[in-house]
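Trainee: Following this line is structure04.txt, made up of compact mmCIF, C-alpha atoms:
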```txt
# COMPACT_ATOMS: atom_id res chain seq x y z
CA MET K 1 0.00 0.00 0.00
CA ASN K 2 2.91 2.36 0.80
CA LYS K 3 4.19 1.89 -2.72
CA ARG K 4 0.77 2.62 -4.21
CA VAL K 5 0.45 5.85 -2.21
CA ASP K 6 4.00 6.89 -3.24
CA GLU K 7 3.20 6.21 -6.90
CA ALA K 8 -0.06 8.10 -6.65
CA LEU K 9 1.70 11.08 -5.10
CA ALA K 10 3.83 11.36 -8.24
CA ASP K 11 0.71 12.70 -9.97
CA TRP K 12 0.41 15.58 -7.54
CA ARG K 13 1.43 18.92 -8.92
CA ALA K 14 1.47 22.47 -8.07
CA PRO K 15 -0.13 24.95 -5.87
CA PHE K 16 -2.99 26.08 -8.11
CA ALA K 17 -4.32 22.61 -8.96
CA ASP K 18 -7.84 21.69 -7.77
CA LYS K 19 -7.10 19.84 -4.54
CA ALA K 20 -10.35 17.88 -4.37
CA HIS K 21 -9.87 16.71 -7.96
CA SER K 22 -6.23 15.81 -7.26
CA TRP K 23 -7.18 13.74 -4.22
CA GLU K 24 -9.92 11.97 -6.22
CA ARG K 25 -7.32 11.05 -8.86
CA ILE K 26 -5.05 9.58 -6.19
CA GLN K 27 -7.88 7.43 -4.86
CA MET K 28 -8.87 6.27 -8.36
CA ARG K 29 -5.31 5.35 -9.24
CA ILE K 30 -4.88 3.34 -6.06
CA ALA K 31 -8.20 1.52 -6.67
CA ALA K 32 -7.35 0.81 -10.32
CA GLN K 33 -4.11 -1.00 -9.58
CA ASP K 34 -4.00 -4.78 -9.31
CA HIS K 35 -4.23 -6.27 -5.85
CA PRO K 36 -0.77 -7.21 -4.64
CA VAL K 37 0.14 -10.76 -3.67
CA VAL K 38 -0.33 -11.06 0.08
CA HIS K 39 1.99 -13.39 1.96
CA THR K 40 1.09 -14.78 5.35
CA ARG K 41 2.59 -12.77 8.18
CA SER K 42 1.90 -12.49 11.84
CA ARG K 43 -1.12 -10.56 13.05
CA ARG K 44 1.21 -8.01 14.64
CA PHE K 45 2.91 -7.36 11.30
CA ARG K 46 -0.44 -6.87 9.57
CA TYR K 47 -1.54 -4.40 12.24
CA ALA K 48 1.75 -2.52 11.85
CA ALA K 49 1.33 -2.37 8.08
CA VAL K 50 -2.20 -1.01 8.45
CA ALA K 51 -0.99 1.59 10.94
CA ILE K 52 1.80 2.73 8.59
CA GLY K 53 -0.67 2.94 5.74
CA LEU K 54 -3.01 5.11 7.81
CA VAL K 55 -0.14 7.42 8.73
CA LEU K 56 0.77 7.80 5.05
CA ILE K 57 -2.83 8.58 4.10
CA ALA K 58 -3.04 11.14 6.91
CA SER K 59 0.16 12.72 5.58
CA VAL K 60 -1.32 12.96 2.10
CA LEU K 61 -4.48 14.56 3.48
CA PHE K 62 -2.36 17.08 5.39
CA LEU K 63 -0.52 18.03 2.22
CA PHE K 64 -3.74 18.65 0.37
CA GLN K 65 -5.29 20.63 3.20
CA ASN K 66 -2.22 22.83 3.72
CA GLY K 67 -2.75 25.89 1.54
CA ASP K 68 0.74 27.44 1.86
CA SER K 69 2.51 28.16 -1.43
CA MET K 70 6.16 29.16 -1.78
CA TYR K 71 8.12 30.17 -4.88
CA SER K 72 11.84 30.92 -5.03
CA THR K 73 14.42 31.77 -7.66
CA GLN K 74 18.09 30.82 -7.84
CA MET K 75 21.06 33.00 -8.76
CA ALA K 76 20.78 34.45 -12.29
CA GLU K 77 17.11 33.35 -12.56
CA ILE K 78 13.95 35.37 -13.19
CA GLN K 79 10.48 33.82 -12.84
CA VAL K 80 7.02 35.11 -13.77
CA LEU K 81 4.00 33.96 -11.73
CA THR K 82 0.26 34.45 -12.08
CA LEU K 83 -1.51 34.61 -8.72
CA PRO K 84 -4.99 33.16 -8.05
CA ASP K 85 -6.59 36.62 -8.48
CA GLY K 86 -4.95 37.12 -11.89
CA SER K 87 -2.24 39.47 -10.62
CA GLU K 88 1.22 38.93 -12.11
CA VAL K 89 4.50 38.85 -10.21
CA THR K 90 8.01 38.81 -11.68
CA LEU K 91 10.63 37.53 -9.23
CA ASN K 92 14.22 38.72 -9.48
CA ALA K 93 17.13 36.38 -8.74
CA ALA K 94 17.55 34.95 -5.21
CA THR K 95 14.02 35.87 -4.18
CA GLU K 96 11.36 34.03 -2.18
CA LEU K 97 7.59 34.62 -2.25
CA ARG K 98 5.10 32.98 0.13
CA PHE K 99 1.32 33.14 0.54
CA ASP K 100 -1.63 31.13 1.84
CA GLU K 101 -3.40 29.90 -1.29
CA ALA K 102 -6.55 28.88 0.60
CA ASP K 103 -7.17 32.43 1.89
CA PHE K 104 -5.49 34.43 -0.86
CA LEU K 105 -8.61 35.58 -2.72
CA GLU K 106 -9.96 36.95 0.57
CA GLU K 107 -6.78 38.32 2.10
CA ARG K 108 -4.53 39.03 -0.96
CA THR K 109 -1.46 39.05 1.30
CA LEU K 110 2.03 37.77 0.43
CA GLU K 111 5.42 37.66 2.13
CA LEU K 112 8.47 38.70 0.11
CA ASP K 113 12.19 38.24 0.72
CA GLY K 114 14.12 39.64 -2.23
CA GLU K 115 12.91 41.71 -5.18
CA ALA K 116 9.76 41.50 -7.29
CA PHE K 117 7.65 43.58 -9.67
CA PHE K 118 3.88 43.37 -9.11
CA GLN K 119 1.08 44.06 -11.58
CA VAL K 120 -1.99 43.90 -9.37
CA GLU K 121 -5.53 43.23 -10.57
CA LYS K 122 -8.12 45.61 -9.17
CA GLY K 123 -10.04 44.35 -6.16
CA SER K 124 -9.67 44.27 -2.40
CA ARG K 125 -6.52 45.44 -0.62
CA PHE K 126 -3.34 43.71 -1.84
CA SER K 127 -0.46 43.62 0.67
CA VAL K 128 3.20 42.65 0.39
CA VAL K 129 4.83 42.02 3.77
CA THR K 130 8.62 42.32 4.10
CA ASP K 131 10.98 42.40 7.08
CA GLN K 132 11.35 46.15 6.64
CA GLY K 133 7.73 47.18 6.10
CA THR K 134 4.36 46.48 4.44
CA ILE K 135 3.28 47.69 1.01
CA SER K 136 -0.48 47.97 0.37
CA VAL K 137 -2.37 48.74 -2.86
CA LEU K 138 -5.75 48.22 -4.53
CA GLY K 139 -4.88 47.88 -8.22
CA THR K 140 -1.53 49.12 -9.50
CA SER K 141 1.99 48.15 -10.55
CA PHE K 142 5.08 48.66 -8.41
CA ASN K 143 8.51 47.26 -7.60
CA VAL K 144 9.64 46.09 -4.16
CA CYS K 145 13.28 45.42 -3.28
CA ASP K 146 13.81 43.91 0.18
CA ARG K 147 17.43 42.79 0.59
CA GLY K 148 18.75 42.38 4.13
CA ASP K 149 18.17 45.69 5.93
CA PHE K 150 17.47 47.56 2.69
CA LEU K 151 13.97 48.38 1.42
CA GLU K 152 13.03 50.27 -1.74
CA VAL K 153 9.58 50.65 -3.30
CA ILE K 154 8.93 52.33 -6.67
CA CYS K 155 5.42 53.11 -7.90
CA SER K 156 4.85 52.61 -11.62
CA THR K 157 1.06 53.08 -11.87
CA GLY K 158 -1.77 53.78 -9.41
CA LYS K 159 -1.03 54.41 -5.74
CA VAL K 160 1.10 52.49 -3.24
CA ARG K 161 1.18 52.79 0.55
CA VAL K 162 4.43 51.91 2.35
CA ASP K 163 4.42 51.51 6.14
CA ASP K 164 7.32 50.36 8.34
CA GLY K 165 5.45 50.73 11.64
CA ARG K 166 7.01 54.16 12.30
CA GLN K 167 6.37 56.07 9.09
CA SER K 168 3.87 55.79 6.26
CA PHE K 169 4.01 57.15 2.70
CA VAL K 170 1.56 57.09 -0.21
CA LEU K 171 3.38 56.94 -3.55
CA THR K 172 2.10 57.93 -6.98
CA PRO K 173 3.73 57.10 -10.35
CA GLY K 174 7.33 58.27 -10.49
CA GLN K 175 7.75 58.34 -6.72
CA SER K 176 9.85 56.01 -4.57
CA VAL K 177 10.77 55.43 -0.96
CA ASP K 178 13.83 53.74 0.58
CA ASN K 179 15.46 53.37 3.99
CA LEU K 180 19.11 54.00 3.05
CA ALA K 181 19.24 56.90 5.51
CA GLY K 182 18.15 54.62 8.37
CA ARG K 183 14.51 55.67 8.01
CA LEU K 184 12.02 55.82 5.15
CA THR K 185 12.76 58.69 2.78
CA GLN K 186 10.64 59.62 -0.22
CA GLY K 187 12.23 60.41 -3.58
CA THR K 188 11.62 60.35 -7.32
CA ALA K 189 12.19 57.51 -9.74
CA ASP K 190 11.58 56.50 -13.33
CA THR K 191 8.09 55.05 -13.85
CA ASP K 192 9.97 52.19 -15.56
CA ALA K 193 10.17 50.69 -12.08
CA ALA K 194 11.68 47.31 -12.99
CA PRO K 195 14.25 47.57 -15.81
CA TRP K 196 15.89 44.46 -14.33
CA ILE K 197 13.18 42.41 -16.06
CA ARG K 198 14.96 43.36 -19.32
CA GLY K 199 18.41 42.70 -17.82
CA VAL K 200 19.16 46.35 -16.95
CA PHE K 201 20.11 47.17 -13.34
CA ARG K 202 19.86 50.84 -12.41
CA PHE K 203 21.23 52.50 -9.27
CA GLU K 204 20.95 55.99 -7.79
CA ASP K 205 23.67 56.88 -5.27
CA ARG K 206 23.68 53.29 -4.01
CA PRO K 207 26.46 51.86 -1.77
CA LEU K 208 29.01 49.89 -3.81
CA GLY K 209 28.36 46.83 -1.65
CA HIS K 210 24.70 46.76 -2.77
CA VAL K 211 25.76 46.96 -6.42
CA MET K 212 28.29 44.14 -6.09
CA GLU K 213 25.75 41.93 -4.32
CA GLU K 214 23.33 42.45 -7.22
CA MET K 215 26.07 41.49 -9.67
CA GLU K 216 26.67 38.29 -7.70
CA ARG K 217 22.97 37.42 -7.91
CA GLN K 218 22.71 38.14 -11.64
CA PHE K 219 25.92 36.46 -12.79
CA GLY K 220 26.19 33.70 -10.15
CA VAL K 221 29.73 34.77 -9.17
CA THR K 222 31.60 35.68 -5.98
CA ILE K 223 33.06 39.19 -5.70
CA THR K 224 35.44 40.37 -2.98
CA THR K 225 36.45 44.01 -2.48
CA GLU K 226 39.72 45.09 -0.86
CA ASP K 227 40.46 48.53 0.57
CA VAL K 228 37.86 50.28 -1.58
CA GLY K 229 36.46 52.38 1.26
CA GLU K 230 32.89 53.69 1.34
CA ARG K 231 31.85 54.38 -2.24
CA PHE K 232 28.51 55.04 -3.92
CA PHE K 233 27.50 54.27 -7.48
CA THR K 234 25.06 56.00 -9.82
CA GLY K 235 24.52 54.32 -13.16
CA GLU K 236 23.48 50.98 -14.61
CA PHE K 237 24.85 47.68 -15.82
CA GLU K 238 23.44 44.98 -18.06
CA SER K 239 23.41 41.28 -17.22
CA ALA K 240 24.38 40.27 -20.78
CA ASP K 241 28.16 40.44 -20.16
CA LEU K 242 30.09 40.18 -16.88
CA GLU K 243 33.27 42.02 -17.88
CA SER K 244 31.34 44.90 -19.45
CA ALA K 245 29.31 45.23 -16.24
CA LEU K 246 32.47 45.25 -14.10
CA THR K 247 34.06 47.91 -16.30
CA VAL K 248 30.97 50.15 -16.16
CA ILE K 249 31.01 50.04 -12.36
CA CYS K 250 34.75 50.05 -11.59
CA ARG K 251 36.08 52.62 -14.08
CA PRO K 252 34.20 55.73 -12.81
CA LEU K 253 35.03 54.80 -9.20
CA GLY K 254 38.77 54.42 -9.86
CA LEU K 255 38.77 50.68 -9.23
CA ASP K 256 40.39 47.68 -10.92
CA TYR K 257 39.18 44.10 -11.08
CA THR K 258 40.71 40.69 -11.77
CA ILE K 259 38.96 37.43 -12.60
CA SER K 260 40.72 34.24 -11.51
CA ASP K 261 40.64 30.93 -13.37
CA ASN K 262 38.01 29.60 -10.96
CA GLY K 263 35.75 32.60 -11.61
CA GLN K 264 36.46 34.48 -8.37
CA ILE K 265 36.42 38.28 -8.85
CA ARG K 266 38.63 40.65 -6.87
CA VAL K 267 38.00 44.42 -6.89
CA THR K 268 40.75 46.77 -5.66
CA ASN K 269 41.89 50.40 -5.81
CA ARG K 270 43.97 51.35 -8.82
```
Would you put the structure from the file into structure tokens?
Mentor:
Amino acid sequence: MNKRVDEALADWRAPFADKAHSWERIQMRIAAQDHPVVHTRSRRFRYAAVAIGLVLIASVLFLFQNGDSMYSTQMAEIQVLTLPDGSEVTLNAATELRFDEADFLEERTLELDGEAFFQVEKGSRFSVVTDQGTISVLGTSFNVCDRGDFLEVICSTGKVRVDDGRQSFVLTPGQSVDNLAGRLTQGTADTDAAPWIRGVFRFEDRPLGHVMEEMERQFGVTITTEDVGERFFTGEFESADLESALTVICRPLGLDYTISDNGQIRVTNR
């Protein structure tokens, strides 16, 4: 029976499948298989086998009743998702998105660790919860970057509310907010809020460490900096070519870089 349940579980797929239908298919597949040859065993063994089978079935039921969904991307990966309400999310590299599928249409709340661009269908309040604050909208498009202690939100269309528990801002198209100064500060931004979807990574007076970390995520490399001090970068790089990106960043800051045979990158002063 364990084998039949394991084989039936192979049919189970993804978070937006109809759970009742999926469970019915598991039951039908188990019933359709030939009865196995049963060898005589002790009554204790048969009881144990039944108990194990019941535990496995209970585990399957738990899986189907648990509505949590989680999506994540690896280094140098971008993924596009369609949520149950029709909203679309594009995940940047090294990003994780979580939500309760069972309650999503009612709550429309997600948890984000990383960076994502949201195109939200109109409807009830839509909230993105991060470690640094909560972003709430009704129907709009916006970009959220939540990396470590850093938070940046850019509004592309509609209105976006950003609240970190101490301050709250309402953004309109072309406005942004970030916490680089240690608190939320409002600024301006291009309404093209997510150029990274096209492989273009844009920075405005951003610490060099943030820029290098983004390069690591996009190219899947390791970068070490030595004696470069506290530097800030304004500009952009493209993820099409590693050396071109390094040159664009290092040259205006008076830095050099070397790439070892094993792909390690070292950035130093000239």
Trainee: Which residue out of K:Ala116, K:Leu110, K:Ile249, K:Val80 has the minimum interatomic distance to Ala94 (chain K) when only C-alpha atoms are used?
Mentor: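 Closest candidate: K:Ala116.
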Trainee: If I take CA of Asp227 (chain K) and CA of Ala181 (chain K), how far is one from the other in Å, to one decimal?
Mentor: 23.3 Å
Trainee: Quick one: residues within 8 Å of Thr172 (chain K), all atoms listed in the file, excluding same-chain residues fewer than 6 positions away - as a list in words?
Mentor: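 Here the answer would be Cys155, Ser156, Thr157, Gly158, Lys159 and Val160 of chain K.
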Trainee: Would you list the residues near (3.8, 47.8, -1.3), meaning any protein, DNA or RNA residue with an atom at most 10 Å from that point in file coordinates, counting all atoms listed in the file, as a list of chain:residue names?
Mentor: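 Here the neighbourhood of the point contains K:Phe118, K:Phe126, K:Ser127, K:Val128, K:Val129, K:Thr130, K:Gly133, K:Thr134, K:Ile135, K:Ser136, K:Val137, K:Thr140, K:Ser141, K:Phe142, K:Asn143, K:Val144, K:Cys145, K:Glu152, K:Val153, K:Ile154, K:Cys155, K:Lys159, K:Val160, K:Arg161, K:Val162, K:Asp163, K:Val170, K:Leu171.
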Trainee: At what distance in Å, to one decimal, does CA of Ala93 (chain K) lie from CA of Ala193 (chain K)?
Mentor: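 These two atoms are separated by 16.3 Å.
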Trainee: Can you work out which one of K:Asp164, K:Asp256, K:Glu107, K:Glu115 has the shortest atom-to-atom distance to Gln79 (chain K), counting all atoms listed in the file?
Mentor: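 Nearest candidate to Gln79 (chain K) out of K:Asp164, K:Asp256, K:Glu107, K:Glu115: K:Glu115.
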Trainee: Excluding same-chain residues fewer than 4 positions from Gly229 (chain K), what lies within 10 Å of it counting only C-alpha atoms, as a list in words?
Mentor: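 After dropping sequence-adjacent residues, the list is Leu208, Thr225, Thr268 and Asn269 of chain K.
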Trainee: Grab the residues selected above and save them as a PDB file, in the coordinates of the input with C-alpha atoms.
Mentor:
```
ATOM      1  CA  LEU K 208      29.010  49.890  -3.810  1.00  0.00           C
ATOM      2  CA  THR K 225      36.450  44.010  -2.480  1.00  0.00           C
ATOM      3  CA  THR K 268      40.750  46.770  -5.660  1.00  0.00           C
ATOM      4  CA  ASN K 269      41.890  50.400  -5.810  1.00  0.00           C
TER       5      ASN K 269
END
```
Trainee: Could you list, as a PyMOL selection string, every residue within 8 Å of Leu255 (chain K), counting all atoms listed in the file and ignoring same-chain residues fewer than 4 positions away?
Mentor: chain K and resi 228+250-251+267-270
Trainee: When you draw a straight line from CA of Gln264 (chain K) to CA of Val211 (chain K), how long is it in Å?
Mentor: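 According to the coordinates, CA of Gln264 (chain K) and CA of Val211 (chain K) are separated by 16.6 Å.
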Trainee: Go through K:Thr95, K:Gln167, K:Thr224, K:Thr90 one by one, measure the shortest atom-to-atom distance of each to Thr185 (chain K) using all atoms listed in the file, and give the residue with the smallest value.
Mentor: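 Of the candidates, the smallest distance to Thr185 (chain K) is held by K:Gln167.
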